[in-house]
>>> print(open('query_28.tsv').read())   # TSV, C-alpha atoms
chain	number	residue	atom	x	y	z
R	1	MET	CA	-13.89	-15.53	-9.08
R	2	GLN	CA	-14.61	-17.42	-12.30
R	3	LEU	CA	-12.03	-16.97	-15.07
R	4	THR	CA	-13.01	-17.07	-18.73
R	5	ALA	CA	-11.00	-18.09	-21.79
R	6	GLU	CA	-10.47	-14.38	-22.42
R	7	ASP	CA	-9.03	-14.01	-18.92
R	8	GLU	CA	-6.61	-16.88	-19.49
R	9	GLU	CA	-5.50	-15.32	-22.77
R	10	PHE	CA	-4.93	-12.06	-20.87
R	11	ARG	CA	-2.83	-13.97	-18.31
R	12	HIS	CA	-0.70	-15.39	-21.12
R	13	ARG	CA	-0.10	-11.90	-22.57
R	14	VAL	CA	0.87	-10.47	-19.17
R	15	ARG	CA	3.21	-13.37	-18.43
R	16	GLN	CA	4.83	-13.18	-21.87
R	17	TRP	CA	5.33	-9.40	-21.71
R	18	LEU	CA	6.95	-9.59	-18.28
R	19	ALA	CA	9.23	-12.43	-19.38
R	20	GLU	CA	10.34	-10.44	-22.42
R	21	ASN	CA	10.81	-7.11	-20.61
R	22	LEU	CA	12.31	-8.01	-17.23
R	23	THR	CA	15.55	-8.51	-19.11
R	24	GLY	CA	18.54	-6.44	-20.15
R	25	ARG	CA	18.83	-3.28	-18.10
R	26	PHE	CA	15.82	-4.34	-15.99
R	27	ALA	CA	16.94	-7.92	-15.28
R	28	ASP	CA	18.65	-7.06	-11.99
R	29	LEU	CA	15.49	-5.40	-10.66
R	30	ARG	CA	13.68	-8.69	-10.01
R	31	GLY	CA	12.57	-8.68	-6.38
R	32	ALA	CA	13.94	-5.18	-5.67
R	33	GLY	CA	12.12	-2.75	-3.40
R	34	GLY	CA	9.08	-3.39	-1.26
R	35	PRO	CA	8.47	-2.98	2.49
R	36	GLY	CA	11.72	-2.40	4.33
R	37	ARG	CA	13.62	-2.21	1.02
R	38	GLU	CA	12.27	0.90	-0.68
R	39	HIS	CA	15.77	2.32	-0.78
R	40	GLU	CA	16.81	-0.26	-3.37
R	41	ALA	CA	17.39	0.97	-6.93
R	42	HIS	CA	14.83	3.78	-6.78
R	43	ALA	CA	15.93	5.50	-10.01
R	44	GLU	CA	16.03	2.20	-11.88
R	45	ARG	CA	12.60	1.18	-10.57
R	46	LEU	CA	11.21	4.56	-11.62
R	47	ALA	CA	12.52	3.92	-15.13
R	48	TRP	CA	10.89	0.48	-15.06
R	49	ASN	CA	7.59	2.00	-13.91
R	50	ARG	CA	7.67	4.41	-16.84
R	51	HIS	CA	8.45	1.50	-19.16
R	52	LEU	CA	5.34	-0.25	-17.81
R	53	ALA	CA	3.31	2.89	-18.40
R	54	ALA	CA	4.49	3.30	-21.98
R	55	ALA	CA	3.32	-0.25	-22.70
R	56	GLY	CA	-0.09	0.35	-21.09
R	57	TRP	CA	0.47	-1.76	-17.96
R	58	THR	CA	-0.30	0.91	-15.36
R	59	CYS	CA	-3.73	1.92	-14.06
R	60	LEU	CA	-5.35	-1.22	-15.50
R	61	GLY	CA	-8.68	-0.77	-13.74
R	62	TRP	CA	-9.07	2.90	-14.64
R	63	PRO	CA	-11.56	3.79	-17.39
R	64	ALA	CA	-9.91	4.26	-20.78
R	65	GLU	CA	-10.97	7.93	-20.84
R	66	TYR	CA	-8.63	8.55	-17.90
R	67	GLY	CA	-5.66	6.69	-19.36
R	68	GLY	CA	-6.55	3.25	-18.02
R	69	ARG	CA	-7.18	-0.08	-19.67
R	70	ASP	CA	-10.79	-0.74	-18.56
R	71	ALA	CA	-9.57	-4.10	-17.26
R	72	THR	CA	-12.09	-6.30	-15.51
R	73	LEU	CA	-11.68	-7.19	-11.85
R	74	ALA	CA	-10.45	-10.66	-12.83
R	75	GLN	CA	-7.86	-9.17	-15.19
R	76	GLN	CA	-6.60	-6.80	-12.52
R	77	VAL	CA	-6.16	-9.73	-10.14
R	78	ILE	CA	-4.37	-11.70	-12.86
R	79	PHE	CA	-1.96	-8.83	-13.52
R	80	HIS	CA	-1.06	-8.44	-9.85
R	81	GLU	CA	-0.57	-12.18	-9.47
R	82	GLU	CA	1.60	-12.53	-12.57
R	83	TYR	CA	3.60	-9.43	-11.69
R	84	ALA	CA	4.38	-10.88	-8.25
R	85	ARG	CA	5.22	-14.30	-9.70
R	86	SER	CA	7.62	-12.74	-12.21
R	87	GLY	CA	9.55	-11.02	-9.41
R	88	GLY	CA	8.67	-7.60	-10.77
R	89	PRO	CA	10.19	-4.84	-8.61
R	90	ALA	CA	8.04	-2.83	-6.21
R	91	ARG	CA	6.41	0.01	-8.13
R	92	VAL	CA	7.31	3.53	-7.08
R	93	GLY	CA	4.05	5.01	-8.41
R	94	TYR	CA	1.83	2.80	-6.28
R	95	LEU	CA	0.28	5.50	-4.08
R	96	GLY	CA	-0.78	7.60	-7.03
R	97	GLU	CA	-1.93	4.74	-9.23
R	98	GLU	CA	-3.68	2.54	-6.67
R	99	LEU	CA	-4.93	5.06	-4.08
R	100	LEU	CA	-5.25	8.65	-5.26
R	101	GLY	CA	-6.14	7.90	-8.88
R	102	PRO	CA	-9.23	5.78	-8.09
R	103	THR	CA	-10.22	8.33	-5.42
R	104	LEU	CA	-10.12	11.17	-7.98
R	105	ILE	CA	-12.05	9.10	-10.50
R	106	ALA	CA	-14.77	8.51	-7.90
R	107	PHE	CA	-14.87	11.92	-6.18
R	108	GLY	CA	-12.68	14.44	-8.05
R	109	THR	CA	-13.78	17.30	-10.28
R	110	PRO	CA	-13.23	17.17	-14.05
R	111	GLU	CA	-10.46	19.74	-13.66
R	112	GLN	CA	-8.71	17.66	-10.97
R	113	ARG	CA	-8.91	14.52	-13.12
R	114	GLN	CA	-7.55	16.34	-16.16
R	115	ARG	CA	-4.67	17.84	-14.18
R	116	PHE	CA	-3.55	14.84	-12.12
R	117	LEU	CA	-4.56	11.55	-13.75
R	118	PRO	CA	-2.36	11.74	-16.89
R	119	PRO	CA	0.93	12.31	-14.96
R	120	ILE	CA	-0.02	9.54	-12.50
R	121	ALA	CA	-0.67	7.10	-15.36
R	122	ALA	CA	2.61	8.07	-17.03
R	123	VAL	CA	4.50	7.98	-13.68
R	124	ARG	CA	5.67	11.55	-14.18
R	125	GLU	CA	4.49	12.68	-10.72
R	126	LEU	CA	4.83	10.68	-7.51
R	127	TRP	CA	2.50	10.90	-4.51
R	128	CYS	CA	2.55	10.28	-0.78
R	129	GLN	CA	-0.26	9.97	1.76
R	130	GLY	CA	-0.58	12.60	4.48
R	131	PHE	CA	-3.02	11.00	6.92
R	132	SER	CA	-1.32	9.83	10.15
R	133	GLU	CA	-0.12	12.29	12.78
R	134	PRO	CA	1.75	11.92	16.10
R	135	GLY	CA	-1.62	12.04	17.90
R	136	ALA	CA	-3.71	10.52	15.13
R	137	GLY	CA	-2.27	7.31	13.79
R	138	SER	CA	-4.75	4.48	13.75
R	139	ASP	CA	-7.36	6.86	15.22
R	140	LEU	CA	-7.42	8.95	12.09
R	141	ALA	CA	-10.42	11.03	13.12
R	142	ALA	CA	-8.19	12.77	15.69
R	143	VAL	CA	-6.34	14.70	12.94
R	144	ALA	CA	-5.17	18.10	14.23
R	145	SER	CA	-3.42	19.58	11.17
R	146	THR	CA	-5.31	22.63	9.97
R	147	ALA	CA	-5.98	24.29	6.64
R	148	THR	CA	-7.36	27.81	6.41
R	149	LEU	CA	-8.30	29.87	3.39
R	150	ASP	CA	-6.18	32.85	2.44
R	151	GLY	CA	-7.72	34.30	-0.69
R	152	ASP	CA	-7.56	31.63	-3.38
R	153	GLN	CA	-5.21	29.35	-1.45
R	154	TRP	CA	-5.34	26.96	1.48
R	155	VAL	CA	-2.63	27.42	4.10
R	156	ILE	CA	-1.73	24.12	5.78
R	157	THR	CA	-0.10	23.87	9.20
R	158	GLY	CA	0.67	20.69	11.09
R	159	GLN	CA	2.73	17.52	11.21
R	160	LYS	CA	2.26	14.16	9.52
R	161	VAL	CA	4.17	11.01	10.41
R	162	TRP	CA	4.92	7.56	8.98
R	163	THR	CA	4.58	9.11	5.52
R	164	SER	CA	5.85	6.48	3.11
R	165	LEU	CA	8.15	7.78	0.33
R	166	ALA	CA	7.54	11.45	1.17
R	167	HIS	CA	11.21	12.12	0.40
R	168	VAL	CA	10.69	11.31	-3.29
R	169	ALA	CA	7.10	12.53	-3.70
R	170	ASP	CA	6.01	15.51	-5.78
R	171	TRP	CA	2.54	15.75	-4.21
R	172	CYS	CA	0.72	14.66	-1.06
R	173	PHE	CA	-2.97	13.97	-0.46
R	174	VAL	CA	-3.53	15.48	2.97
R	175	LEU	CA	-6.32	15.12	5.51
R	176	ALA	CA	-6.62	18.42	7.41
R	177	ARG	CA	-9.12	20.16	9.65
R	178	THR	CA	-10.73	23.04	7.77
R	179	GLN	CA	-13.45	23.87	10.29
R	180	ALA	CA	-12.19	25.45	13.49
R	181	GLY	CA	-13.48	23.77	16.63
R	182	SER	CA	-14.73	20.66	14.81
R	183	ARG	CA	-14.25	17.22	16.35
R	184	ARG	CA	-13.60	13.71	15.11
R	185	GLY	CA	-14.57	13.11	11.48
R	186	ALA	CA	-16.52	16.36	11.11
R	187	GLY	CA	-14.79	19.37	9.60
R	188	LEU	CA	-12.00	17.48	7.81
R	189	SER	CA	-11.08	18.08	4.17
R	190	TYR	CA	-9.05	16.11	1.65
R	191	LEU	CA	-6.44	18.40	0.06
R	192	LEU	CA	-3.89	17.92	-2.73
R	193	VAL	CA	-0.69	19.66	-1.67
R	194	PRO	CA	2.58	20.16	-3.63
R	195	MET	CA	5.56	18.85	-1.69
R	196	ARG	CA	8.31	20.88	-3.34
R	197	GLN	CA	7.90	24.19	-1.54
R	198	PRO	CA	10.00	25.77	1.25
R	199	GLU	CA	7.16	25.43	3.77
R	200	VAL	CA	7.28	21.62	3.59
R	201	THR	CA	10.04	19.81	5.53
R	202	VAL	CA	10.62	16.06	5.23
R	203	ARG	CA	12.64	14.20	7.86
R	204	PRO	CA	13.43	10.48	7.55
R	205	ILE	CA	12.53	8.03	10.33
R	206	ARG	CA	15.17	5.34	10.80
R	207	GLN	CA	13.53	1.91	11.14
R	208	LEU	CA	14.58	-1.33	12.84
R	209	THR	CA	15.81	-2.50	9.44
R	210	GLY	CA	18.25	0.42	9.29
R	211	THR	CA	16.43	1.93	6.32
R	212	ALA	CA	14.21	5.01	6.19
R	213	GLU	CA	11.24	4.79	3.83
R	214	PHE	CA	8.91	6.40	6.41
R	215	ASN	CA	9.13	10.11	7.15
R	216	GLU	CA	7.91	12.95	9.31
R	217	VAL	CA	6.45	15.78	7.24
R	218	PHE	CA	6.05	19.30	8.62
R	219	PHE	CA	3.70	21.79	6.96
R	220	ASP	CA	4.62	25.25	8.18
R	221	GLY	CA	2.22	27.42	6.22
R	222	ALA	CA	2.40	25.28	3.08
R	223	ARG	CA	0.03	26.38	0.33
R	224	THR	CA	-2.19	24.79	-2.26
R	225	GLU	CA	-4.86	26.15	-4.58
R	226	ARG	CA	-8.42	26.61	-3.35
R	227	GLY	CA	-9.80	24.20	-5.96
R	228	LEU	CA	-7.57	21.30	-4.87
R	229	VAL	CA	-10.08	19.86	-2.39
R	230	VAL	CA	-11.34	16.40	-3.31
R	231	GLY	CA	-15.08	16.25	-2.61
R	232	ALA	CA	-16.78	18.99	-0.64
R	233	VAL	CA	-15.01	21.05	2.00
R	234	GLY	CA	-15.63	19.29	5.32
R	235	ASP	CA	-16.31	15.90	3.65
R	236	GLY	CA	-12.73	14.66	3.89
R	237	TRP	CA	-13.50	11.91	6.39
R	238	ARG	CA	-15.76	10.12	3.91
R	239	ILE	CA	-13.24	10.52	1.07
R	240	ALA	CA	-10.36	9.31	3.24
R	241	ARG	CA	-12.30	6.20	4.25
R	242	ALA	CA	-12.94	5.46	0.58
R	243	THR	CA	-9.20	5.74	-0.12
R	244	LEU	CA	-8.43	3.32	2.72
R	245	ALA	CA	-10.97	0.82	1.34
R	246	ILE	CA	-9.29	1.06	-2.08
R	247	GLU	CA	-5.89	0.46	-0.44
R	248	ARG	CA	-6.99	-2.99	0.68
R	249	GLY	CA	-8.45	-4.02	-2.65
R	250	VAL	CA	-7.18	-5.95	-5.67
R	251	ALA	CA	-3.47	-5.42	-4.98
R	252	THR	CA	-3.73	-7.52	-1.80
R	253	LEU	CA	-4.05	-10.63	-3.99
R	254	GLY	CA	-0.73	-9.87	-5.64
R	255	GLN	CA	0.69	-9.27	-2.17
R	256	GLN	CA	-0.32	-12.81	-1.22
R	257	VAL	CA	1.61	-14.23	-4.16
R	258	MET	CA	4.69	-12.60	-2.65
R	259	PHE	CA	3.74	-14.09	0.72
R	260	ARG	CA	3.57	-17.53	-0.95
R	261	ARG	CA	7.05	-17.05	-2.38
R	262	GLU	CA	8.37	-16.14	1.07
R	263	LEU	CA	6.71	-19.18	2.64
R	264	ASP	CA	7.98	-21.52	-0.08
R	265	SER	CA	11.51	-20.16	0.40
R	266	LEU	CA	11.27	-20.72	4.16
R	267	VAL	CA	10.08	-24.30	3.61
R	268	ASP	CA	13.13	-24.87	1.38
R	269	VAL	CA	15.40	-23.50	4.13
R	270	ALA	CA	13.76	-25.84	6.66
R	271	ARG	CA	14.23	-28.86	4.39
R	272	ARG	CA	17.96	-28.17	4.17
R	273	SER	CA	18.42	-27.75	7.92
R	274	PRO	CA	17.72	-29.61	11.18
R	275	ALA	CA	14.49	-27.60	11.42
R	276	GLY	CA	13.03	-29.87	8.76
R	277	THR	CA	13.00	-32.80	11.17
R	278	ASP	CA	11.47	-30.83	14.06
R	279	ALA	CA	7.83	-31.93	14.35
R	280	VAL	CA	6.77	-28.67	16.01
R	281	LEU	CA	8.30	-26.50	13.29
R	282	ARG	CA	6.86	-28.72	10.56
R	283	ASP	CA	3.43	-28.25	12.13
R	284	LYS	CA	3.90	-24.47	12.24
R	285	LEU	CA	4.91	-24.39	8.57
R	286	ALA	CA	1.82	-26.42	7.67
R	287	ARG	CA	-0.39	-24.04	9.66
R	288	ALA	CA	1.20	-21.08	7.86
R	289	TRP	CA	0.30	-22.71	4.51
R	290	ILE	CA	-3.30	-23.26	5.66
R	291	GLY	CA	-3.52	-19.67	6.90
R	292	LEU	CA	-2.39	-18.34	3.54
R	293	GLU	CA	-5.01	-20.42	1.71
R	294	VAL	CA	-7.75	-19.14	4.02
R	295	MET	CA	-6.55	-15.56	3.49
R	296	ARG	CA	-6.61	-15.92	-0.29
R	297	SER	CA	-10.16	-17.31	-0.31
R	298	TYR	CA	-11.40	-14.50	1.90
R	299	ALA	CA	-9.56	-11.85	-0.12
R	300	GLN	CA	-11.10	-12.97	-3.40
R	301	ALA	CA	-14.61	-12.83	-1.94
R	302	ALA	CA	-13.96	-9.46	-0.27
R	303	VAL	CA	-12.55	-7.89	-3.44
R	304	VAL	CA	-15.58	-9.00	-5.44
R	305	ASP	CA	-18.00	-7.71	-2.79
R	306	THR	CA	-16.24	-4.36	-2.46
R	307	ALA	CA	-16.10	-3.86	-6.23
R	308	ALA	CA	-19.81	-4.63	-6.51
R	309	ALA	CA	-20.67	-2.18	-3.72
R	310	GLY	CA	-18.64	0.70	-5.19
R	311	ALA	CA	-16.07	3.00	-3.58
R	312	ASP	CA	-18.46	4.82	-1.29
R	313	ALA	CA	-20.18	1.76	0.08
R	314	GLY	CA	-16.92	-0.15	0.31
R	315	ALA	CA	-15.48	2.51	2.59
R	316	ALA	CA	-18.10	1.70	5.22
R	317	GLY	CA	-17.69	-2.08	4.99
R	318	THR	CA	-15.77	-4.29	7.35
R	319	GLU	CA	-14.17	-6.60	4.80
R	320	ALA	CA	-11.12	-4.35	4.52
R	321	SER	CA	-10.60	-4.44	8.29
R	322	VAL	CA	-10.88	-8.23	8.41
R	323	MET	CA	-8.42	-8.50	5.53
R	324	LYS	CA	-5.94	-6.19	7.25
R	325	LEU	CA	-6.11	-8.32	10.40
R	326	LEU	CA	-5.63	-11.54	8.45
R	327	TRP	CA	-2.63	-10.56	6.36
R	328	SER	CA	-0.78	-8.46	8.96
R	329	ARG	CA	-0.89	-11.12	11.68
R	330	TRP	CA	-0.06	-13.90	9.23
R	331	HIS	CA	2.92	-12.04	7.81
R	332	GLN	CA	4.21	-11.03	11.21
R	333	GLY	CA	3.92	-14.66	12.28
R	334	LEU	CA	5.92	-15.72	9.21
R	335	GLY	CA	8.77	-13.43	10.28
R	336	GLU	CA	8.74	-15.00	13.74
R	337	LEU	CA	8.66	-18.50	12.25
R	338	ALA	CA	11.64	-17.67	10.04
R	339	MET	CA	13.68	-16.84	13.12
R	340	GLU	CA	12.70	-20.19	14.67
R	341	VAL	CA	13.66	-22.11	11.55
R	342	LEU	CA	17.03	-20.34	11.29
R	343	GLY	CA	17.76	-20.75	14.97
R	344	ALA	CA	20.55	-18.94	16.84
R	345	PRO	CA	22.32	-17.65	13.67
R	346	SER	CA	19.27	-15.48	12.98
R	347	MET	CA	20.36	-13.25	15.87
R	348	VAL	CA	23.64	-12.23	14.23
R	349	ALA	CA	23.97	-9.68	11.40
R	350	ARG	CA	25.84	-11.11	8.44
R	351	GLY	CA	28.15	-8.09	8.19
R	352	ALA	CA	29.09	-4.75	9.69
R	353	PRO	CA	27.73	-2.39	10.63
R	354	TYR	CA	24.17	-3.67	10.21
R	355	ASP	CA	23.98	-5.89	7.15
R	356	LEU	CA	20.77	-7.89	7.44
R	357	ASP	CA	19.75	-10.87	5.36
R	358	ASP	CA	16.26	-11.13	3.86
R	359	TRP	CA	14.85	-13.15	6.76
R	360	GLN	CA	16.11	-10.75	9.40
R	361	ARG	CA	14.70	-7.82	7.45
R	362	LEU	CA	11.35	-9.62	7.12
R	363	TYR	CA	11.22	-10.30	10.85
R	364	LEU	CA	12.10	-6.75	11.87
R	365	PHE	CA	9.93	-4.91	9.34
R	366	SER	CA	6.91	-7.16	9.92
R	367	ARG	CA	6.77	-5.94	13.53
R	368	ALA	CA	5.07	-2.89	11.99
R	369	ASP	CA	2.56	-4.89	9.94
R	370	THR	CA	0.00	-4.89	12.75
R	371	ILE	CA	0.41	-1.14	13.29
R	372	TYR	CA	0.65	0.74	9.98
R	373	GLY	CA	-2.46	1.07	7.84
R	374	GLY	CA	-4.58	0.88	10.99
R	375	SER	CA	-3.55	-1.09	14.07
R	376	ASP	CA	-5.13	-4.41	15.04
R	377	GLU	CA	-6.97	-2.71	17.89
R	378	ILE	CA	-8.59	-0.19	15.55
R	379	GLN	CA	-9.55	-2.89	13.04
R	380	ARG	CA	-11.23	-4.94	15.77
R	381	THR	CA	-13.13	-1.87	16.95
R	382	ILE	CA	-14.40	-1.25	13.41
R	383	ILE	CA	-15.54	-4.86	13.09
R	384	ALA	CA	-17.19	-4.81	16.52
R	385	GLU	CA	-19.10	-1.57	15.95
R	386	ARG	CA	-20.01	-1.79	12.27
R	387	ALA	CA	-20.41	-5.51	11.68
R	388	LEU	CA	-21.43	-6.89	15.06
R	389	GLY	CA	-23.39	-3.88	16.26
R	390	LEU	CA	-21.67	-3.73	19.64
R	391	PRO	CA	-21.82	-0.48	21.67
R	392	ARG	CA	-19.51	2.23	20.34
R	393	GLN	CA	-16.31	2.84	22.24
R	394	ALA	CA	-16.23	6.10	24.20
R	395	ARG	CA	-14.02	8.64	22.43
R	396	PRO	CA	-12.70	12.01	23.62
>>> encode(input="query_28.tsv", output="structure tokens")
Amino acid sequence: MQLTAEDEEFRHRVRQWLAENLTGRFADLRGAGGPGREHEAHAERLAWNRHLAAAGWTCLGWPAEYGGRDATLAQQVIFHEEYARSGGPARVGYLGEELLGPTLIAFGTPEQRQRFLPPIAAVRELWCQGFSEPGAGSDLAAVASTATLDGDQWVITGQKVWTSLAHVADWCFVLARTQAGSRRGAGLSYLLVPMRQPEVTVRPIRQLTGTAEFNEVFFDGARTERGLVVGAVGDGWRIARATLAIERGVATLGQQVMFRRELDSLVDVARRSPAGTDAVLRDKLARAWIGLEVMRSYAQAAVVDTAAAGADAGAAGTEASVMKLLWSRWHQGLGELAMEVLGAPSMVARGAPYDLDDWQRLYLFSRADTIYGGSDEIQRTIIAERALGLPRQARP
């Protein structure tokens, strides 16, 4: 990814704006939120997100006609990198801005774009993702939730699970089976469903970290308007795959800046402890650094390739699956390495009843890295079948 003088000037503007605005009432938000910590300062982070939006720093890659900035791919990468370097708090509007918004721009109707894109860009409505189910996690084509037409409305029945931030969401993009008797990817539709109705129940799932950012969501006859299907009825599998490809796009480069900060912090801990003189641990830290460099190089190439191919083609590619394997296993390994560097004290909570430090939280939450967003086994199957041309796995 070659950067121009204009790109470097853009980097300077982003860096300066963040330095000037992550101050005052927002100063204490540096580093707040993120995986395993979404409970931290939600209201304050929402206010920060709206402050970003008012200054034009949300939805950078969206076309200007939809409230975006028409930023180039390089500029989007720069923003994510600088945001991570500044310690900017995890954004509460991520699912709408980074996943649903681009999906609607690519596949939505003019009416859907007009209704939903402005409040996403302004962070006035929050979204969650209703894909996984108790029997359809990584194997998403096994979705069993149903949606049937009743006049001018869809009636949705079923259960979703591992739904991030459902407890604060206003809307959910839901994958449901709209064709009775259909199997696998056929007969699925991509619906936009309001969360704040009596027929929707959200129950928190307590995690190893003691927090509960994931949820079970029950749709017991929940309703949404007939026109709130993204793409054609029955074409939800293709749309959902496009959303998943978008999920592993530009933002992963900002994610790796946060990984670098975690690794650098762990190296500092090792230098100040006996672990710094342990040849085996020093070798593992060096290998972690090399792994992160390899991941960054691959991610840059994959992002460029996916952007060039477009949303539809990118959904069928394997780059996203390779990237998911790389970052999830690396990050999980970093959590394990942190426990080795810290030694026996890492096994003891710093306070009652379950007060974890950052390293303990990283270790525990990263156990899920190789599961959520598509497990390692599923990613390897995708790579084997689509990239290597190996025989397809038998499926029920």
>>> closest_residue(input="query_28.tsv", among="R:Asp150, R:Glu213, R:Asp357, R:Asp70", to="Cys128 in chain R", atoms="only C-alpha atoms")
R:Glu213
>>> residues_around(input="query_28.tsv", residues="Val193 in chain R", least_positions_apart="6", cutoff="12 Å", atoms="all atoms listed in the file", output="ChimeraX atom specification")
/R:116,127-130,147,153-157,166,169-176,199-200,219,221-230
>>> residues_around(input="query_28.tsv", residues="range 374-380 of chain R", least_positions_apart="3", cutoff="12 Å", atoms="all atoms listed in the file", output="ChimeraX atom specification")
/R:131-132,136-141,162,241,244-245,247-248,317-329,367-371,383-388,390,392-393
>>> closest_residue(input="query_28.tsv", among="R:Gly276, R:Gly135, R:Pro89, R:Pro345", to="Ala47 in chain R", atoms="only C-alpha atoms")
R:Pro89
>>> atom_distance(input="query_28.tsv", atom1="CA of Glu44 in chain R", atom2="CA of Val123 in chain R")
13.0 Å
>>> closest_residue(input="query_28.tsv", among="R:Glu133, R:Pro198, R:Gly351, R:Phe107", to="Arg238 in chain R", atoms="all atoms listed in the file")
R:Phe107
>>> build_atoms(input="query_28.tsv", residues="range 162-173 of chain R", atoms="N, CA, C and O atoms", output="PDB file, in the frame of the given file")
ATOM      1  N   TRP R 162       4.977   8.860   9.656  1.00  0.00           N
ATOM      2  CA  TRP R 162       4.920   7.560   8.980  1.00  0.00           C
ATOM      3  C   TRP R 162       4.498   7.726   7.513  1.00  0.00           C
ATOM      4  O   TRP R 162       3.777   6.898   6.970  1.00  0.00           O
ATOM      5  N   THR R 163       4.966   8.806   6.894  1.00  0.00           N
ATOM      6  CA  THR R 163       4.580   9.110   5.520  1.00  0.00           C
ATOM      7  C   THR R 163       5.511   8.387   4.563  1.00  0.00           C
ATOM      8  O   THR R 163       6.654   8.817   4.339  1.00  0.00           O
ATOM      9  N   SER R 164       5.027   7.296   3.991  1.00  0.00           N
ATOM     10  CA  SER R 164       5.850   6.480   3.110  1.00  0.00           C
ATOM     11  C   SER R 164       6.272   7.269   1.868  1.00  0.00           C
ATOM     12  O   SER R 164       5.444   7.900   1.210  1.00  0.00           O
ATOM     13  N   LEU R 165       7.576   7.225   1.570  1.00  0.00           N
ATOM     14  CA  LEU R 165       8.150   7.780   0.330  1.00  0.00           C
ATOM     15  C   LEU R 165       7.929   9.278   0.163  1.00  0.00           C
ATOM     16  O   LEU R 165       8.014   9.801  -0.955  1.00  0.00           O
ATOM     17  N   ALA R 166       7.708   9.988   1.264  1.00  0.00           N
ATOM     18  CA  ALA R 166       7.540  11.450   1.170  1.00  0.00           C
ATOM     19  C   ALA R 166       8.794  12.113   0.609  1.00  0.00           C
ATOM     20  O   ALA R 166       8.713  13.159  -0.033  1.00  0.00           O
ATOM     21  N   HIS R 167       9.951  11.499   0.830  1.00  0.00           N
ATOM     22  CA  HIS R 167      11.210  12.120   0.400  1.00  0.00           C
ATOM     23  C   HIS R 167      11.393  12.100  -1.110  1.00  0.00           C
ATOM     24  O   HIS R 167      12.269  12.803  -1.635  1.00  0.00           O
ATOM     25  N   VAL R 168      10.586  11.316  -1.823  1.00  0.00           N
ATOM     26  CA  VAL R 168      10.690  11.310  -3.290  1.00  0.00           C
ATOM     27  C   VAL R 168       9.400  11.786  -3.953  1.00  0.00           C
ATOM     28  O   VAL R 168       9.307  11.809  -5.184  1.00  0.00           O
ATOM     29  N   ALA R 169       8.410  12.179  -3.154  1.00  0.00           N
ATOM     30  CA  ALA R 169       7.100  12.530  -3.700  1.00  0.00           C
ATOM     31  C   ALA R 169       7.052  13.971  -4.204  1.00  0.00           C
ATOM     32  O   ALA R 169       7.688  14.865  -3.646  1.00  0.00           O
ATOM     33  N   ASP R 170       6.266  14.173  -5.250  1.00  0.00           N
ATOM     34  CA  ASP R 170       6.010  15.510  -5.780  1.00  0.00           C
ATOM     35  C   ASP R 170       4.769  16.131  -5.149  1.00  0.00           C
ATOM     36  O   ASP R 170       4.681  17.356  -5.017  1.00  0.00           O
ATOM     37  N   TRP R 171       3.803  15.289  -4.773  1.00  0.00           N
ATOM     38  CA  TRP R 171       2.540  15.750  -4.210  1.00  0.00           C
ATOM     39  C   TRP R 171       2.136  14.858  -3.040  1.00  0.00           C
ATOM     40  O   TRP R 171       2.613  13.729  -2.916  1.00  0.00           O
ATOM     41  N   CYS R 172       1.232  15.402  -2.214  1.00  0.00           N
ATOM     42  CA  CYS R 172       0.720  14.660  -1.060  1.00  0.00           C
ATOM     43  C   CYS R 172      -0.779  14.872  -0.958  1.00  0.00           C
ATOM     44  O   CYS R 172      -1.247  16.005  -1.083  1.00  0.00           O
ATOM     45  N   PHE R 173      -1.550  13.789  -0.768  1.00  0.00           N
ATOM     46  CA  PHE R 173      -2.970  13.970  -0.460  1.00  0.00           C
ATOM     47  C   PHE R 173      -3.114  13.995   1.054  1.00  0.00           C
ATOM     48  O   PHE R 173      -2.754  13.059   1.739  1.00  0.00           O
TER      49      PHE R 173
END
